[in-house]
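First the structure, in the form of structure tokens, and then the observations on it.
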Amino acid sequence: MSQIRGNRMPQSISGGAATHAAVFAPLVGAGRAEAVEQRLTDAITLGVLHDGERLPSETALARQFGVAVVTAREALEALRTRGLVTTRRGRDGGSFVTSGGISTGQVIAERLRGHSRAELRDLGVHYAAIAGMAAELAADRSSPEDVSDLAATVAAIDTSSEVGARRGAGRFALEVAALSQSARLVREQIRLQSEFGPLLWLCLREQDYREANRAAQLAVIDALGAVDPAAARLRTTDNIRQAVDWLIGAKADLESKDTAP
């Protein structure tokens, strides 16, 4: 994969752990325990962090999120209370992910209730602007080998699974950002992936959208291979717009259920 000019490619991206890079990206603004808790809750319930997976230590979490150690400790305690994390003592101890503490449906409802439709649209515009520019630059700067590697990444995505498709969507976006050879775009894509990704790709719970997303990814790859920046940007932003439209519809359905007698 191409290297970012003037900066080393983030090891987490070049190593393939793109979705984990998004989970543990630094928080923006005040580092509250609730923000750390929400980030990890999303990752656990949406399958990015697996059942039984060992989390970084409190000190490592604090460093990665850019918060105080006491903040990371409070977040882990809240996750333990909710049954999403268990802590074991001893040489092989630590904090480990547990499943079943809260349903994905509950998380979705909570997150959607926390955003207005205007906020969702605005987040979508921002996400599309970053992802679209990354795709445009990637079409100019990626090599045939890069495009081949990206195609192999897409071929390995399990579109029969909601979790697999969601992980694939996140990794694809980050890999394209890496091909843009812009360190700033990579960092912003990681931040947006953690902030908005869990909501944006909720449409992938439906098989039709998983197939449409795969088709969009392949269209972007074709545009990169043809060195067609405009097409790469258009295919990227169209796919994001469709995902946001689905999300707005899900928000409307939730509001109608909340107001039903």
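Please note that chains go A, B, ... in the order of the structure tokens, that every chain numbers its residues from 1, and that ligands are numbered from 1 in the order shown.
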
Residue contacts of Arg241 in chain A (12 Å, only C-alpha atoms) excluding same-chain residues fewer than 5 positions away, as a list in words
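Skipping anything fewer than 5 positions along the chain leaves Leu120, Arg121, Asp122, Leu123, Gly124, Val125, His126, Tyr127, Ala128, Ala129, Ala131, Gly132, Leu200, Trp201, Cys203, Asn213, Ala216, Leu234, Arg235, Thr236, Trp246, Leu247 and Ile248 of chain A.
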
What lies within 12 Å of Glu77 in chain A using only C-alpha atoms, ignoring chain neighbours under 3 positions off, as a list of chain:residue names?
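Result of the neighbour search: A:Ala33, A:Glu34, A:Val36, A:Glu37, A:Glu58, A:Val70, A:Thr71, A:Ala72, A:Arg73, A:Glu74, A:Arg80, A:Thr81, A:Arg82, A:Gly83, A:Leu84, A:Val85, A:Thr86, A:Thr87, A:Ser95.
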
Non-local contacts of Leu27 in chain A (8 Å; only C-alpha atoms; under 4 positions in same chain excluded) as an mmCIF file with N, CA, C and O atoms, in the first residue's frame:
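The resulting file, part.cif, is reproduced below:
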data_model
loop_
_atom_site.group_PDB
_atom_site.id
_atom_site.type_symbol
_atom_site.label_atom_id
_atom_site.label_comp_id
_atom_site.auth_asym_id
_atom_site.auth_seq_id
_atom_site.Cartn_x
_atom_site.Cartn_y
_atom_site.Cartn_z
ATOM 1 N N GLY A 31 -12.975 14.986 27.520
ATOM 2 C CA GLY A 31 -12.850 13.539 27.653
ATOM 3 C C GLY A 31 -13.665 13.023 28.818
ATOM 4 O O GLY A 31 -13.133 12.710 29.891
ATOM 5 N N ALA A 35 -18.364 9.536 27.282
ATOM 6 C CA ALA A 35 -17.948 9.459 25.882
ATOM 7 C C ALA A 35 -17.134 8.200 25.631
ATOM 8 O O ALA A 35 -17.293 7.530 24.603
ATOM 9 N N VAL A 36 -16.245 7.860 26.565
ATOM 10 C CA VAL A 36 -15.471 6.621 26.444
ATOM 11 C C VAL A 36 -16.404 5.422 26.500
ATOM 12 O O VAL A 36 -16.291 4.475 25.706
ATOM 13 N N PHE A 65 -7.328 7.296 24.092
ATOM 14 C CA PHE A 65 -8.478 8.184 23.984
ATOM 15 C C PHE A 65 -8.125 9.634 24.297
ATOM 16 O O PHE A 65 -8.913 10.540 24.033
ATOM 17 N N GLY A 66 -6.970 9.857 24.903
ATOM 18 C CA GLY A 66 -6.579 11.210 25.266
ATOM 19 C C GLY A 66 -7.332 11.716 26.479
ATOM 20 O O GLY A 66 -7.719 12.898 26.529
ATOM 21 N N VAL A 67 -7.567 10.828 27.450
ATOM 22 C CA VAL A 67 -8.295 11.205 28.666
ATOM 23 C C VAL A 67 -7.456 10.839 29.875
ATOM 24 O O VAL A 67 -6.415 10.185 29.771
ATOM 25 N N ARG A 191 -11.582 9.486 12.917
ATOM 26 C CA ARG A 191 -12.431 10.157 13.911
ATOM 27 C C ARG A 191 -13.903 10.033 13.551
ATOM 28 O O ARG A 191 -14.746 9.711 14.403
#

Check range 55-125 of chain A with DSSP on the backbone and list each residue it calls strand (DSSP E), as a PyMOL selection string.
chain A and resi 85-88+94-97

Could you take the residues named above and write them with C-alpha atoms, as an mmCIF file, in the first residue's frame?
data_model
loop_
_atom_site.group_PDB
_atom_site.id
_atom_site.type_symbol
_atom_site.label_atom_id
_atom_site.label_comp_id
_atom_site.auth_asym_id
_atom_site.auth_seq_id
_atom_site.Cartn_x
_atom_site.Cartn_y
_atom_site.Cartn_z
ATOM 1 C CA VAL A 85 -17.092 -6.004 30.353
ATOM 2 C CA THR A 86 -15.747 -8.354 32.995
ATOM 3 C CA THR A 87 -12.480 -7.894 34.870
ATOM 4 C CA ARG A 88 -10.233 -10.713 36.053
ATOM 5 C CA GLY A 94 -7.519 -7.673 32.622
ATOM 6 C CA SER A 95 -10.812 -6.354 31.250
ATOM 7 C CA PHE A 96 -12.546 -8.584 28.717
ATOM 8 C CA VAL A 97 -15.545 -8.008 26.447
#

Tell me which of A:Ser116, A:Thr237, A:Thr41, A:Ser180 sits closest to Ala138 in chain A, counting only C-alpha atoms.
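Counting only C-alpha atoms, the residue closest to Ala138 in chain A is A:Ser180.
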
Any chance you could tabulate, as JSON lines, the residues of range 145-215 of chain A at most 12 Å from range 107-112 of chain A with each one's nearest atom pair and distance in Å to one decimal, using only C-alpha atoms, in chain and rising number order?
{"residue": "A:Glu195", "atom": "CA", "partner": "A:Arg111", "partner_atom": "CA", "distance": 10.9}
{"residue": "A:Phe196", "atom": "CA", "partner": "A:Arg111", "partner_atom": "CA", "distance": 10.1}
{"residue": "A:Gly197", "atom": "CA", "partner": "A:Arg111", "partner_atom": "CA", "distance": 11.8}
{"residue": "A:Pro198", "atom": "CA", "partner": "A:Ile108", "partner_atom": "CA", "distance": 8.7}
{"residue": "A:Leu199", "atom": "CA", "partner": "A:Ile108", "partner_atom": "CA", "distance": 7.4}
{"residue": "A:Leu200", "atom": "CA", "partner": "A:Leu112", "partner_atom": "CA", "distance": 10.6}
{"residue": "A:Trp201", "atom": "CA", "partner": "A:Ile108", "partner_atom": "CA", "distance": 11.2}
{"residue": "A:Leu202", "atom": "CA", "partner": "A:Ile108", "partner_atom": "CA", "distance": 8.3}
{"residue": "A:Cys203", "atom": "CA", "partner": "A:Ile108", "partner_atom": "CA", "distance": 11.5}
{"residue": "A:Arg205", "atom": "CA", "partner": "A:Ile108", "partner_atom": "CA", "distance": 11.7}

Could you tell me which of A:Ala62, A:Ile221, A:Ala25, A:Leu204 comes closest to Ile240 in chain A if we count only C-alpha atoms?
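Smallest distance to Ile240 in chain A is found for A:Leu204.
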
Option closest in space to Ser143 in chain A, from A:Ala215, A:Gly52, A:Arg187, A:Gln181 [counting only C-alpha atoms]:
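Once distances to Ser143 in chain A are computed over only C-alpha atoms, the minimum belongs to A:Gln181.
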
Suppose you want the space between CA of Arg214 in chain A and CA of Ala177 in chain A; what is it in Å?
17.5 Å

Skipping near chain neighbours, those fewer than 6 positions away, what residues fall within 12 Å of Ser161 in chain A using only C-alpha atoms, listed as JSON, numbers by chain?
{"A": [46, 47, 167, 168, 204, 205, 206, 207, 208, 209, 210, 211]}

Between CA of Ala118 in chain A and CA of Arg39 in chain A, what is the spacing in Å?
21.9 Å

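Among the candidates A:Ala151, A:Ala231, A:Leu174, A:Ala165, the residue lying nearest to Ile130 in chain A is A:Leu174 (atoms considered: only C-alpha atoms).
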
In Å to one decimal, how far is CA of Val147 in chain A from CA of Leu224 in chain A?
6.7 Å

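The neighbours of Val154 in chain A here are the residues that come within 9 Å of it, using only C-alpha atoms and leaving out any residue fewer than 4 positions away in the same chain; they are Asp149, Leu150, Asp158, Gly168, Ala169, Phe172, Arg214, Gln217 and Leu218 of chain A.
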
Distance query Val227 in chain A at most 8 Å, only C-alpha atoms, self and fewer than 4 positions along chain excluded, as a PDB file with N, CA, C and O atoms, in the first residue's frame:
ATOM      1  N   ALA A 139      -7.833   8.114  -6.401  1.00  0.00           N
ATOM      2  CA  ALA A 139      -7.852   7.799  -7.837  1.00  0.00           C
ATOM      3  C   ALA A 139      -6.627   8.364  -8.537  1.00  0.00           C
ATOM      4  O   ALA A 139      -6.124   7.777  -9.494  1.00  0.00           O
ATOM      5  N   ASP A 140      -6.129   9.496  -8.060  1.00  0.00           N
ATOM      6  CA  ASP A 140      -4.939  10.118  -8.652  1.00  0.00           C
ATOM      7  C   ASP A 140      -3.643   9.491  -8.151  1.00  0.00           C
ATOM      8  O   ASP A 140      -2.658   9.430  -8.890  1.00  0.00           O
ATOM      9  N   ALA A 223     -13.287   2.953 -10.534  1.00  0.00           N
ATOM     10  CA  ALA A 223     -12.918   4.353 -10.785  1.00  0.00           C
ATOM     11  C   ALA A 223     -11.459   4.600 -10.438  1.00  0.00           C
ATOM     12  O   ALA A 223     -10.750   5.325 -11.154  1.00  0.00           O
TER      13      ALA A 223
END
